[in-house]
Structures are given as structure tokens and as C-alpha cells.
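Asker: Okay, here's the structure, questions in a sec.
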Amino acid sequence: MNQAIKNLFHEHFHAEPLIVRSPGRVNIIGEHTDYNDGFVLPAAIDKSIYVGIGRRNDEEVHLYSCDFQEHHICSLSSVVRSDKSWPNYPLGVVDQLQKGEFPISGFNLILGGEVPIGAGLSSSAAVECAVIFALNELFDLQIGKMDMVKMAQKAEHTFAGVLCGIMDQFASMHGKNGFAMKLDCRSLEYEYVPLEMQDVDIVLLNTNIKHSLASSEYNTRRQQCRQGVEWVQAKHPEVKSLRDVTLDMLDCLVAPKDATIYKRCRYVVEENRRLLEGCAELKKGNLAGLGERMFQSHEGLSKDYEVSCPELDFLVGFVKDRPEVLGARMMGGGFGGCTINLVKKSAIESLIADAGQAYKKEMGRELTAYVARIGSGAEVVNEYEKSY
Ligand code: GLA
């Protein structure tokens, strides 16, 4: 990938680029908890988005996407949302840097990579993180990693229109080979948890359904959680988010008002508890205990939070009674993308073959499977002569 980006940069911009990569992520448990001040347990994967970047002598931004084979050109004085989707991720980052009054000038940028788009592996966060990391390096802006994470998240809010939490950008920036990260999304304190899984691997089964509903429904879920918190706050003003809410509070103050909002909030409160328990099981090496909570998490996401889809439900249902699968659930925002499965290494091939056949027969679609290898976070990947 590195070499391909380099060649394309030469071809389009006739210069030597600085190359940066930032990975996609998996999330073991803790879904839709990040924007509720809760916990998440993501890990970076060994598939990344790559950015080749170099300075220009003017105030223009020239972008090129390898996937779309398209250019996008604008001036730094007129960075606005584009009608096309892909330029908005880098442009959103540039907009954040400008709002923060960081000194940047014109640049050329090539975007490419190996994180599949729309599979729930956070290719968009990987793009944002790769771009901000690259600009930070190129212009020596001295922005710390956590601040880059927050700006990348903000870029997604303003230019992609998804009011996402902080998990994906955090994981892409802070990933560490061999580790998951238990992140407290309120304090932003985090702990690296070794992913020592002996005879088990993480297998991703991709429904190949692109989550097109995801952004509007995602923002609706966020509002519903907010509404639940407001109802609780009327009696408990100290409550700031669902993190502070108990099931009793929900029973008394939310259930009588609205059954849907009650279900949404209950899921989040339960998912935080499942994460803490599941993480403790992982630390003890009890993968079956973690896996059980993953199945429960799926149940909640499907029935209470209602962000699953028939294809995701089918895949989780299919593996549920197979002894070689310790746990499975849909992963990420929902409405498509992948399921994450803990599978005994010796049975991965047969599981993928069987699931693929059944999926084709029942859902009429092709299944794609990956064994997820854990990788490390954003970094510069080539030697680059700084020209300042
Ligand atoms: C998307 C968002 C994350 C998170 C997940 C659901 O991936 O970008 O912030 O909310 O959905 O857990």
C-alpha cells in the first residue's frame, strides 16, 4: 500500500510524499455507550487508511482518492462541505485546524487504503485520523494525540453530519498491537488490556450491507438517550448522562413516559454493566464469560436499541449454537456491516464456509469473512525529509 501511494503521489503531484497510516478498529463490547459517557473496549486492526501528503507553494488543497479515482481541489480560504462524500472527511479536518487557528498552508494529499468502506470498521475515523496526523506532522503543529482525536471526531460531526462518539477516532489513534483499550468516555482515561486469547481468534463476518440508514438513525438514538436523561434529571439534577442512571431510575421516571425511550436507555445502562463484567472476564482469561455477554449485547442492540438488521441477526443466530463460537454480536453503529465473533482457531475455516453457504441460501447475498489481526495506531510509515 505504502508503495502504491508513493507511486500515485509521484504520478499526480511529481514529488516525494510523507506517508502516514491510521487503522480501522473492532469493538469487542460496549456499543452506543461512548456518546453516553460510558465505556468501550475497541482495538485497532492491521488494516489501515494511508495518506500521502506534501506541501504546495500556494494556498490550495489538492485531494485525490484512490478508491474513487477522483480529484477535489479547493482553496484554504473556502473550505466548505462537498456534495461528494469522500472529500468531506479530509476537509472536515482542515476546517477544524482552521477553527483552531493552526498555521497550515496549501498541500497535496492522496487517500487510499485497505479498510473496507461501510463494513463497520470505521474507515471514516481512520481517514480523519490519518489526515490530521499527517497535517500535524507536515506542518509541525505539535498537537497532542488526544486533541487530534477530539478534532477528528468534530470533523465527522460538522462535515459528515454524524454526531458520533469518540471511540473510533480514539481507537485509530491510540491502538497498540496485541491490546484492546478500555476507555472511559467520560474522563477519557484508558487502560490497555492484553488480548491474550490462546486458541481463539476474532473473526469478522461482513453482511455486505452498507449501513446507509446509519447516520440518521444514529443521530435519533442520541436524541432519545438525551431525552431519557432529561426526564431523570427532573428528579435527580445531579445526573449528567446515562452513565449516572440506574435501572430503578428508568423504571420510575422513563418507563411511564415512553416505552421506546425506556428500551433505548435500558440497553445503554445494561451494556455498560456488560462491558465492565466482560472486561473482567477477559482479564481472567475467561473468554466464554466475555462471549456470553457479547451475545447478550447483540440481543439488546437488536431488540431494545433496534440498530440491527435481518442479515446481522441471521449471522449471530447462525453461530449461536455452535460450540466453536464463544461469542458474537453486531459491531459498530449498526444497520449493516460486520458481526464480531470469538471463534476457536481450529474451526474458523469450517465456520466461515458453513456461514457463507447458509447466508447465501437464506439472505441471497455473499458473505465476506476476515480474521481480524490487532495492529497499532496512527504513525508515519516512511522516512521523510522535513523541508522546514
Ligand atoms: C459508530 C460511532 C461510534 C460509536 C459506535 C457505536 O461507530 O462512530 O462513536 O458510537 O458507532 O458504538
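Going through the C-alpha cells in order, the chains are called A, B, and so on, while each chain numbers its residues from 1 and the ligands are numbered from 1 in the order shown.
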Write out as a list in words all residues of segment 128-245 of chain A that backbone DSSP assigns to strand (DSSP E).

Answerer: Phe179, Ala180, Met181, Lys182, Leu183, Asp184, Tyr190, Glu191, Tyr192, Val193, Pro194, Val200, Asp201, Ile202, Val203, Leu204, Leu205 and Asn206 of chain A

Asker: Tell me which protein, DNA and RNA residues are within 10 Å of Ser241 of chain A, counting only C-alpha atoms, leaving out same-chain ones fewer than 4 positions away, and put them as number ranges by chain.

Answerer: A: 35-38, 186, 225-226, 228-230, 232-233, 245

Asker: Deliver the residues from the most recent selection as a file, using N, CA, C and O atoms, as a compact mmCIF listing (two decimals), in the first residue's frame.

Answerer:
# COMPACT_ATOMS: atom_id res chain seq x y z
N TYR A 35 -21.15 7.87 23.39
CA TYR A 35 -21.76 9.21 23.48
C TYR A 35 -22.70 9.32 24.68
O TYR A 35 -23.39 10.33 24.84
N ASN A 36 -22.74 8.28 25.49
CA ASN A 36 -23.49 8.34 26.75
C ASN A 36 -22.54 8.35 27.94
O ASN A 36 -22.92 7.93 29.04
N ASP A 37 -21.31 8.79 27.71
CA ASP A 37 -20.30 8.90 28.78
C ASP A 37 -19.93 7.55 29.39
O ASP A 37 -19.47 7.48 30.53
N GLY A 38 -20.15 6.47 28.64
CA GLY A 38 -19.91 5.13 29.19
C GLY A 38 -18.53 4.59 28.82
O GLY A 38 -17.57 5.34 28.61
N ARG A 186 -16.06 9.24 29.61
CA ARG A 186 -16.31 10.47 30.37
C ARG A 186 -14.99 11.15 30.74
O ARG A 186 -14.76 12.29 30.39
N CYS A 225 -31.59 9.07 23.85
CA CYS A 225 -30.86 8.92 25.11
C CYS A 225 -30.88 10.23 25.89
O CYS A 225 -31.08 10.25 27.10
N ARG A 226 -30.71 11.32 25.18
CA ARG A 226 -30.71 12.66 25.79
C ARG A 226 -32.06 12.93 26.46
O ARG A 226 -32.15 13.41 27.58
N GLY A 228 -34.20 10.71 27.59
CA GLY A 228 -34.29 9.88 28.79
C GLY A 228 -33.57 10.55 29.96
O GLY A 228 -34.09 10.62 31.08
N VAL A 229 -32.38 11.06 29.70
CA VAL A 229 -31.59 11.72 30.75
C VAL A 229 -32.34 12.94 31.29
O VAL A 229 -32.42 13.15 32.50
N GLU A 230 -32.96 13.69 30.40
CA GLU A 230 -33.69 14.89 30.86
C GLU A 230 -34.83 14.52 31.79
O GLU A 230 -35.07 15.19 32.80
N VAL A 232 -34.97 11.94 33.74
CA VAL A 232 -34.39 11.53 35.02
C VAL A 232 -33.90 12.76 35.80
O VAL A 232 -34.09 12.88 37.01
N GLN A 233 -33.31 13.69 35.07
CA GLN A 233 -32.76 14.90 35.72
C GLN A 233 -33.81 15.71 36.46
O GLN A 233 -33.50 16.36 37.46
N VAL A 245 -27.16 6.86 35.45
CA VAL A 245 -28.56 6.45 35.62
C VAL A 245 -28.63 4.97 36.02
O VAL A 245 -27.85 4.15 35.54

Asker: If you count only C-alpha atoms and all ligand atoms, which residues end up within 6 Å of ligand 1, as a list in words?

Answerer: Glu31, His32, Thr33, Asp34, Cys164, Gly165, Ile166, Met167, Asp168, Gly332 and Gly333 of chain A

Asker: Find the residues near Val380 of chain A: any atom within 12 Å, counting only C-alpha atoms, skip ones fewer than 5 places away on the same chain, and give them as a ChimeraX atom specification.

Answerer: /A:2,17-22,49-53,129-138,173

Asker: Considering only C-alpha atoms, can you say which of A:Ile45, A:Leu63, A:Val162, A:Cys185 comes closest to Glu217 of chain A?

Answerer: A:Val162

Asker: Please, which residues in segment 93-212 of chain A fall within 12 Å of segment 369-379 of chain A when counting only C-alpha atoms, and what is the closest atom pair and distance in Å to one decimal for each, ordered by chain then residue number, as a tab-separated table?

Answerer:
residue	atom	partner	partner_atom	distance
A:Val115	CA	A:Tyr370	CA	11.4
A:Pro116	CA	A:Tyr370	CA	11.0
A:Ala119	CA	A:Ala369	CA	11.0
A:Leu121	CA	A:Ala372	CA	10.5
A:Ala125	CA	A:Ala378	CA	11.2
A:Ala126	CA	A:Ala378	CA	8.5
A:Val127	CA	A:Ala378	CA	10.4
A:Glu128	CA	A:Ala378	CA	10.7
A:Cys129	CA	A:Ala378	CA	7.1
A:Ala130	CA	A:Ala378	CA	6.5
A:Val131	CA	A:Ala378	CA	10.0
A:Ile132	CA	A:Ala378	CA	9.9
A:Phe133	CA	A:Ala378	CA	7.1
A:Ala134	CA	A:Glu379	CA	8.6
A:Asn136	CA	A:Glu379	CA	11.3
A:Glu137	CA	A:Glu379	CA	9.8
A:Lys145	CA	A:Ala378	CA	9.5
A:Met148	CA	A:Ala378	CA	10.9
A:Val149	CA	A:Ala378	CA	10.7
A:Asp168	CA	A:Gly377	CA	11.3
A:Gln169	CA	A:Gly377	CA	10.0
A:Phe170	CA	A:Gly377	CA	9.1
A:Ala171	CA	A:Gly377	CA	7.2
A:Ser172	CA	A:Gly377	CA	5.3
A:Met173	CA	A:Gly377	CA	4.7
A:His174	CA	A:Gly377	CA	5.0
A:Gly175	CA	A:Gly377	CA	4.1
A:Lys176	CA	A:Ser376	CA	4.2
A:Asn177	CA	A:Gly375	CA	4.4
A:Gly178	CA	A:Ile374	CA	5.8
A:Phe179	CA	A:Ile374	CA	7.3
A:Ala180	CA	A:Ile374	CA	8.3
A:Met181	CA	A:Ile374	CA	11.4
A:Tyr192	CA	A:Ser376	CA	11.9
A:Pro194	CA	A:Ile374	CA	10.7
A:Leu195	CA	A:Ile374	CA	8.7
A:Glu196	CA	A:Ile374	CA	11.1
A:Met197	CA	A:Ile374	CA	11.7
A:Val200	CA	A:Val371	CA	10.6
A:Asp201	CA	A:Val371	CA	6.9
A:Ile202	CA	A:Ala372	CA	5.5
A:Val203	CA	A:Val371	CA	4.5
A:Leu204	CA	A:Tyr370	CA	5.2
A:Leu205	CA	A:Ala369	CA	4.6
A:Asn206	CA	A:Ala369	CA	6.0
A:Thr207	CA	A:Ala369	CA	9.1
A:Asn208	CA	A:Ala369	CA	10.1

Asker: Would you put the residues from that selection into a file with N, CA and C atoms, as a compact mmCIF listing (two decimals), in the first residue's frame?

Answerer:
# COMPACT_ATOMS: atom_id res chain seq x y z
N VAL A 115 -9.05 -0.46 4.52
CA VAL A 115 -10.18 -0.65 5.44
C VAL A 115 -11.45 -0.61 4.60
N PRO A 116 -12.21 -1.72 4.53
CA PRO A 116 -13.40 -1.69 3.68
C PRO A 116 -14.39 -0.62 4.14
N ALA A 119 -18.25 -1.21 6.34
CA ALA A 119 -18.27 -2.53 6.96
C ALA A 119 -18.32 -2.44 8.48
N LEU A 121 -16.03 -0.94 10.26
CA LEU A 121 -14.66 -0.98 10.79
C LEU A 121 -14.09 0.43 10.92
N ALA A 125 -13.31 7.22 10.42
CA ALA A 125 -12.45 7.69 11.52
C ALA A 125 -10.98 7.50 11.15
N ALA A 126 -10.68 6.40 10.46
CA ALA A 126 -9.30 6.13 10.06
C ALA A 126 -8.82 7.21 9.08
N VAL A 127 -9.70 7.64 8.19
CA VAL A 127 -9.34 8.72 7.25
C VAL A 127 -9.08 10.00 8.04
N GLU A 128 -10.00 10.36 8.91
CA GLU A 128 -9.85 11.60 9.68
C GLU A 128 -8.55 11.58 10.49
N CYS A 129 -8.29 10.45 11.13
CA CYS A 129 -7.08 10.37 11.98
C CYS A 129 -5.81 10.40 11.13
N ALA A 130 -5.83 9.71 9.99
CA ALA A 130 -4.64 9.72 9.13
C ALA A 130 -4.38 11.14 8.63
N VAL A 131 -5.45 11.84 8.27
CA VAL A 131 -5.28 13.20 7.71
C VAL A 131 -4.77 14.16 8.79
N ILE A 132 -5.36 14.10 9.98
CA ILE A 132 -4.92 15.07 11.00
C ILE A 132 -3.50 14.73 11.46
N PHE A 133 -3.19 13.44 11.54
CA PHE A 133 -1.84 13.03 11.93
C PHE A 133 -0.82 13.53 10.89
N ALA A 134 -1.20 13.38 9.62
CA ALA A 134 -0.30 13.79 8.54
C ALA A 134 -0.10 15.31 8.52
N ASN A 136 -0.49 17.37 11.03
CA ASN A 136 0.23 17.71 12.26
C ASN A 136 1.73 17.55 12.05
N GLU A 137 2.08 16.47 11.36
CA GLU A 137 3.48 16.16 11.08
C GLU A 137 4.06 17.13 10.03
N LYS A 145 -1.99 13.76 20.89
CA LYS A 145 -2.85 12.73 20.29
C LYS A 145 -4.32 12.88 20.69
N MET A 148 -5.94 15.57 18.85
CA MET A 148 -6.21 15.19 17.45
C MET A 148 -7.46 14.32 17.37
N VAL A 149 -7.61 13.43 18.35
CA VAL A 149 -8.79 12.55 18.39
C VAL A 149 -10.06 13.41 18.44
N ASP A 168 -14.16 5.60 17.84
CA ASP A 168 -13.47 5.17 16.61
C ASP A 168 -12.18 5.96 16.40
N GLN A 169 -12.27 7.27 16.59
CA GLN A 169 -11.08 8.10 16.40
C GLN A 169 -10.06 7.79 17.49
N PHE A 170 -10.54 7.56 18.70
CA PHE A 170 -9.63 7.21 19.80
C PHE A 170 -8.88 5.92 19.46
N ALA A 171 -9.62 4.91 19.01
CA ALA A 171 -9.00 3.60 18.75
C ALA A 171 -8.00 3.68 17.61
N SER A 172 -8.35 4.45 16.56
CA SER A 172 -7.48 4.56 15.41
C SER A 172 -6.16 5.25 15.80
N MET A 173 -6.25 6.21 16.69
CA MET A 173 -5.06 6.97 17.09
C MET A 173 -4.22 6.23 18.14
N HIS A 174 -4.90 5.59 19.10
CA HIS A 174 -4.18 5.06 20.26
C HIS A 174 -3.95 3.54 20.24
N GLY A 175 -4.38 2.86 19.18
CA GLY A 175 -4.27 1.40 19.14
C GLY A 175 -2.86 0.90 19.46
N LYS A 176 -2.79 -0.31 20.03
CA LYS A 176 -1.49 -0.90 20.36
C LYS A 176 -1.57 -2.39 20.04
N ASN A 177 -0.54 -2.83 19.33
CA ASN A 177 -0.52 -4.22 18.88
C ASN A 177 -0.68 -5.20 20.05
N GLY A 178 -1.66 -6.11 19.93
CA GLY A 178 -1.85 -7.12 20.98
C GLY A 178 -2.77 -6.70 22.11
N PHE A 179 -3.29 -5.47 22.03
CA PHE A 179 -4.10 -4.97 23.14
C PHE A 179 -5.45 -4.41 22.67
N ALA A 180 -6.44 -4.59 23.54
CA ALA A 180 -7.68 -3.81 23.41
C ALA A 180 -7.52 -2.63 24.36
N MET A 181 -8.42 -1.65 24.24
CA MET A 181 -8.34 -0.48 25.12
C MET A 181 -9.67 -0.30 25.81
N TYR A 192 -4.78 -0.27 28.65
CA TYR A 192 -4.55 -1.29 27.62
C TYR A 192 -4.78 -2.67 28.24
N PRO A 194 -4.52 -6.68 27.63
CA PRO A 194 -3.93 -7.65 26.69
C PRO A 194 -4.99 -8.56 26.08
N LEU A 195 -4.90 -8.72 24.77
CA LEU A 195 -5.85 -9.64 24.11
C LEU A 195 -5.17 -10.99 23.97
N GLU A 196 -5.00 -11.65 25.11
CA GLU A 196 -4.38 -12.97 25.07
C GLU A 196 -5.48 -13.99 24.94
N MET A 197 -5.67 -14.47 23.73
CA MET A 197 -6.87 -15.28 23.53
C MET A 197 -6.56 -16.73 23.19
N VAL A 200 -8.18 -18.86 20.44
CA VAL A 200 -9.34 -18.17 19.86
C VAL A 200 -8.88 -16.98 19.01
N ASP A 201 -9.58 -16.75 17.89
CA ASP A 201 -9.33 -15.56 17.08
C ASP A 201 -10.60 -14.73 16.96
N ILE A 202 -10.41 -13.47 16.59
CA ILE A 202 -11.57 -12.62 16.31
C ILE A 202 -11.89 -12.74 14.83
N VAL A 203 -13.09 -13.19 14.52
CA VAL A 203 -13.49 -13.34 13.12
C VAL A 203 -14.60 -12.33 12.83
N LEU A 204 -14.45 -11.62 11.73
CA LEU A 204 -15.47 -10.65 11.32
C LEU A 204 -16.24 -11.23 10.15
N LEU A 205 -17.55 -11.27 10.29
CA LEU A 205 -18.39 -11.74 9.19
C LEU A 205 -19.13 -10.53 8.64
N ASN A 206 -18.84 -10.20 7.41
CA ASN A 206 -19.39 -8.97 6.81
C ASN A 206 -20.67 -9.29 6.04
N THR A 207 -21.77 -8.67 6.45
CA THR A 207 -23.06 -8.89 5.77
C THR A 207 -23.03 -8.34 4.35
N ASN A 208 -22.07 -7.46 4.08
CA ASN A 208 -22.03 -6.73 2.81
C ASN A 208 -23.27 -5.87 2.60

Asker: Using only C-alpha atoms, determine which residues lie at most 7 Å from Lys210 of chain A, disregarding the query and same-chain residues fewer than 3 positions distant; provide the list as JSON, numbers by chain.

Answerer: {"A": [118, 119, 336, 337]}

Asker: Could the residues in this selection be written to a file with N, CA, C and O atoms, as a short mmCIF file (atom, residue, chain, number, x, y, z; two decimals), in the first residue's frame?

Answerer:
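File produced: again22.cif:
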data_model
loop_
_atom_site.label_atom_id
_atom_site.label_comp_id
_atom_site.auth_asym_id
_atom_site.auth_seq_id
_atom_site.Cartn_x
_atom_site.Cartn_y
_atom_site.Cartn_z
N GLY A 118 -17.91 1.11 4.88
CA GLY A 118 -19.27 0.69 5.22
C GLY A 118 -19.36 -0.67 5.87
O GLY A 118 -20.44 -1.26 5.95
N ALA A 119 -18.25 -1.21 6.34
CA ALA A 119 -18.27 -2.53 6.96
C ALA A 119 -18.32 -2.44 8.48
O ALA A 119 -18.26 -3.44 9.18
N GLY A 336 -26.04 -2.81 9.34
CA GLY A 336 -25.23 -3.44 8.31
C GLY A 336 -23.82 -3.60 8.84
O GLY A 336 -23.59 -3.47 10.04
N GLY A 337 -22.89 -3.87 7.95
CA GLY A 337 -21.51 -4.05 8.39
C GLY A 337 -21.28 -5.46 8.91
O GLY A 337 -21.90 -6.42 8.43
#

Asker: My list of candidates is A:Thr368, A:Ser346, A:Gln3, A:Gln96. Which is closest to Asp199 of chain A when distances are computed with only C-alpha atoms?

Answerer: A:Ser346

Asker: What is the distance, in Å and to one decimal place, between atom CA of Gly144 of chain A and atom CA of Tyr89 of chain A?

Answerer: 19.8 Å

Asker: Here is a test: counting only C-alpha atoms, which residue of A:Lys361, A:Arg55, A:Lys84, A:Arg264 is nearest to Asp304 of chain A?

Answerer: A:Arg264

Asker: Name the residues of segment 62-260 of chain A that come out as alpha helix (DSSP H) in a backbone DSSP run; write them as a VMD selection string.

Answerer: chain A and resid 88 to 99 123 to 138 145 to 155 167 to 174 214 to 235 247 to 249 259 to 260

Asker: Distance atom CA of Glu299 of chain A-atom CA of Leu282 of chain A, one decimal place?

Answerer: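 Computed distance, atom CA of Glu299 of chain A to atom CA of Leu282 of chain A, equals 20.3 Å.
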
Asker: Could you pull the residues within 10 Å of segment 69-81 of chain A, counting only C-alpha atoms, minus those fewer than 3 positions along the same chain, as a PyMOL selection string?

Answerer: chain A and resi 12+58-66+84-89+91-92+94-95+98+104-112+158-160

Asker: Restricting the output to N, CA and C atoms, write the selected residues as an mmCIF file, in the first residue's frame.

Answerer:
data_model
loop_
_atom_site.group_PDB
_atom_site.id
_atom_site.type_symbol
_atom_site.label_atom_id
_atom_site.label_comp_id
_atom_site.auth_asym_id
_atom_site.auth_seq_id
_atom_site.Cartn_x
_atom_site.Cartn_y
_atom_site.Cartn_z
ATOM 1 N N HIS A 12 0.664 11.996 -9.709
ATOM 2 C CA HIS A 12 -0.256 13.143 -9.686
ATOM 3 C C HIS A 12 0.417 14.451 -9.280
ATOM 4 N N ASP A 58 1.367 27.263 -2.691
ATOM 5 C CA ASP A 58 0.258 28.229 -2.702
ATOM 6 C C ASP A 58 -0.713 27.879 -1.568
ATOM 7 N N GLU A 59 -1.901 28.406 -1.619
ATOM 8 C CA GLU A 59 -2.871 28.200 -0.533
ATOM 9 C C GLU A 59 -3.989 27.264 -0.982
ATOM 10 N N GLU A 60 -3.634 26.319 -1.871
ATOM 11 C CA GLU A 60 -4.668 25.400 -2.355
ATOM 12 C C GLU A 60 -4.537 24.036 -1.715
ATOM 13 N N VAL A 61 -5.680 23.342 -1.672
ATOM 14 C CA VAL A 61 -5.717 21.966 -1.186
ATOM 15 C C VAL A 61 -6.086 21.085 -2.371
ATOM 16 N N HIS A 62 -5.205 20.163 -2.727
ATOM 17 C CA HIS A 62 -5.491 19.228 -3.815
ATOM 18 C C HIS A 62 -5.600 17.826 -3.237
ATOM 19 N N LEU A 63 -6.797 17.249 -3.334
ATOM 20 C CA LEU A 63 -7.016 15.909 -2.777
ATOM 21 C C LEU A 63 -7.216 14.918 -3.915
ATOM 22 N N TYR A 64 -6.752 13.679 -3.704
ATOM 23 C CA TYR A 64 -7.045 12.619 -4.683
ATOM 24 C C TYR A 64 -7.412 11.341 -3.932
ATOM 25 N N SER A 65 -8.541 10.747 -4.303
ATOM 26 C CA SER A 65 -8.961 9.494 -3.663
ATOM 27 C C SER A 65 -8.652 8.304 -4.564
ATOM 28 N N CYS A 66 -7.887 7.355 -4.062
ATOM 29 C CA CYS A 66 -7.578 6.159 -4.869
ATOM 30 C C CYS A 66 -8.838 5.331 -5.109
ATOM 31 N N LYS A 84 -19.977 15.570 -2.754
ATOM 32 C CA LYS A 84 -19.454 14.203 -2.747
ATOM 33 C C LYS A 84 -19.103 13.856 -1.312
ATOM 34 N N SER A 85 -19.150 12.573 -1.008
ATOM 35 C CA SER A 85 -18.936 12.189 0.386
ATOM 36 C C SER A 85 -17.449 12.190 0.782
ATOM 37 N N TRP A 86 -16.591 11.552 -0.029
ATOM 38 C CA TRP A 86 -15.215 11.298 0.439
ATOM 39 C C TRP A 86 -14.397 12.543 0.779
ATOM 40 N N PRO A 87 -14.541 13.682 0.027
ATOM 41 C CA PRO A 87 -13.685 14.824 0.390
ATOM 42 C C PRO A 87 -14.038 15.413 1.754
ATOM 43 N N ASN A 88 -15.265 15.130 2.232
ATOM 44 C CA ASN A 88 -15.688 15.772 3.485
ATOM 45 C C ASN A 88 -14.860 15.349 4.692
ATOM 46 N N TYR A 89 -14.286 14.148 4.630
ATOM 47 C CA TYR A 89 -13.501 13.693 5.802
ATOM 48 C C TYR A 89 -12.192 14.492 5.914
ATOM 49 N N LEU A 91 -11.604 17.369 4.430
ATOM 50 C CA LEU A 91 -11.943 18.795 4.529
ATOM 51 C C LEU A 91 -12.428 19.154 5.930
ATOM 52 N N GLY A 92 -13.162 18.245 6.543
ATOM 53 C CA GLY A 92 -13.631 18.481 7.916
ATOM 54 C C GLY A 92 -12.457 18.669 8.861
ATOM 55 N N VAL A 94 -9.417 19.784 7.953
ATOM 56 C CA VAL A 94 -8.809 21.078 7.636
ATOM 57 C C VAL A 94 -9.615 22.196 8.309
ATOM 58 N N ASP A 95 -10.933 22.077 8.239
ATOM 59 C CA ASP A 95 -11.809 23.073 8.863
ATOM 60 C C ASP A 95 -11.546 23.169 10.375
ATOM 61 N N GLN A 98 -8.371 25.012 10.961
ATOM 62 C CA GLN A 98 -8.542 26.455 10.741
ATOM 63 C C GLN A 98 -9.279 27.094 11.914
ATOM 64 N N ILE A 104 -1.489 26.391 8.818
ATOM 65 C CA ILE A 104 -1.237 25.474 7.699
ATOM 66 C C ILE A 104 -1.266 26.276 6.404
ATOM 67 N N SER A 105 -0.586 25.727 5.399
ATOM 68 C CA SER A 105 -0.680 26.345 4.065
ATOM 69 C C SER A 105 -1.095 25.250 3.077
ATOM 70 N N GLY A 106 -1.021 25.545 1.785
ATOM 71 C CA GLY A 106 -1.537 24.598 0.800
ATOM 72 C C GLY A 106 -0.816 23.242 0.819
ATOM 73 N N PHE A 107 -1.541 22.197 0.442
ATOM 74 C CA PHE A 107 -0.927 20.863 0.406
ATOM 75 C C PHE A 107 -1.617 19.961 -0.618
ATOM 76 N N ASN A 108 -0.871 18.940 -1.030
ATOM 77 C CA ASN A 108 -1.406 17.866 -1.876
ATOM 78 C C ASN A 108 -1.600 16.631 -1.014
ATOM 79 N N LEU A 109 -2.682 15.902 -1.251
ATOM 80 C CA LEU A 109 -2.938 14.735 -0.396
ATOM 81 C C LEU A 109 -3.569 13.599 -1.201
ATOM 82 N N ILE A 110 -3.024 12.408 -1.017
ATOM 83 C CA ILE A 110 -3.607 11.220 -1.642
ATOM 84 C C ILE A 110 -4.125 10.296 -0.560
ATOM 85 N N LEU A 111 -5.320 9.759 -0.793
ATOM 86 C CA LEU A 111 -6.003 8.957 0.210
ATOM 87 C C LEU A 111 -6.259 7.565 -0.358
ATOM 88 N N GLY A 112 -5.844 6.547 0.366
ATOM 89 C CA GLY A 112 -6.138 5.194 -0.104
ATOM 90 C C GLY A 112 -6.079 4.248 1.063
ATOM 91 N N THR A 158 -19.245 17.828 11.929
ATOM 92 C CA THR A 158 -19.567 19.012 11.135
ATOM 93 C C THR A 158 -19.588 18.740 9.628
ATOM 94 N N PHE A 159 -18.672 17.909 9.133
ATOM 95 C CA PHE A 159 -18.603 17.728 7.680
ATOM 96 C C PHE A 159 -19.264 16.438 7.190
ATOM 97 N N ALA A 160 -19.336 15.410 8.049
ATOM 98 C CA ALA A 160 -20.022 14.190 7.614
ATOM 99 C C ALA A 160 -21.440 14.141 8.191
#

Asker: Grab the atom CA of Glu270 of chain A to atom CA of Gln296 of chain A distance for me, in Å with one decimal place.

Answerer: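 Between these atoms lies a distance of 9.6 Å.
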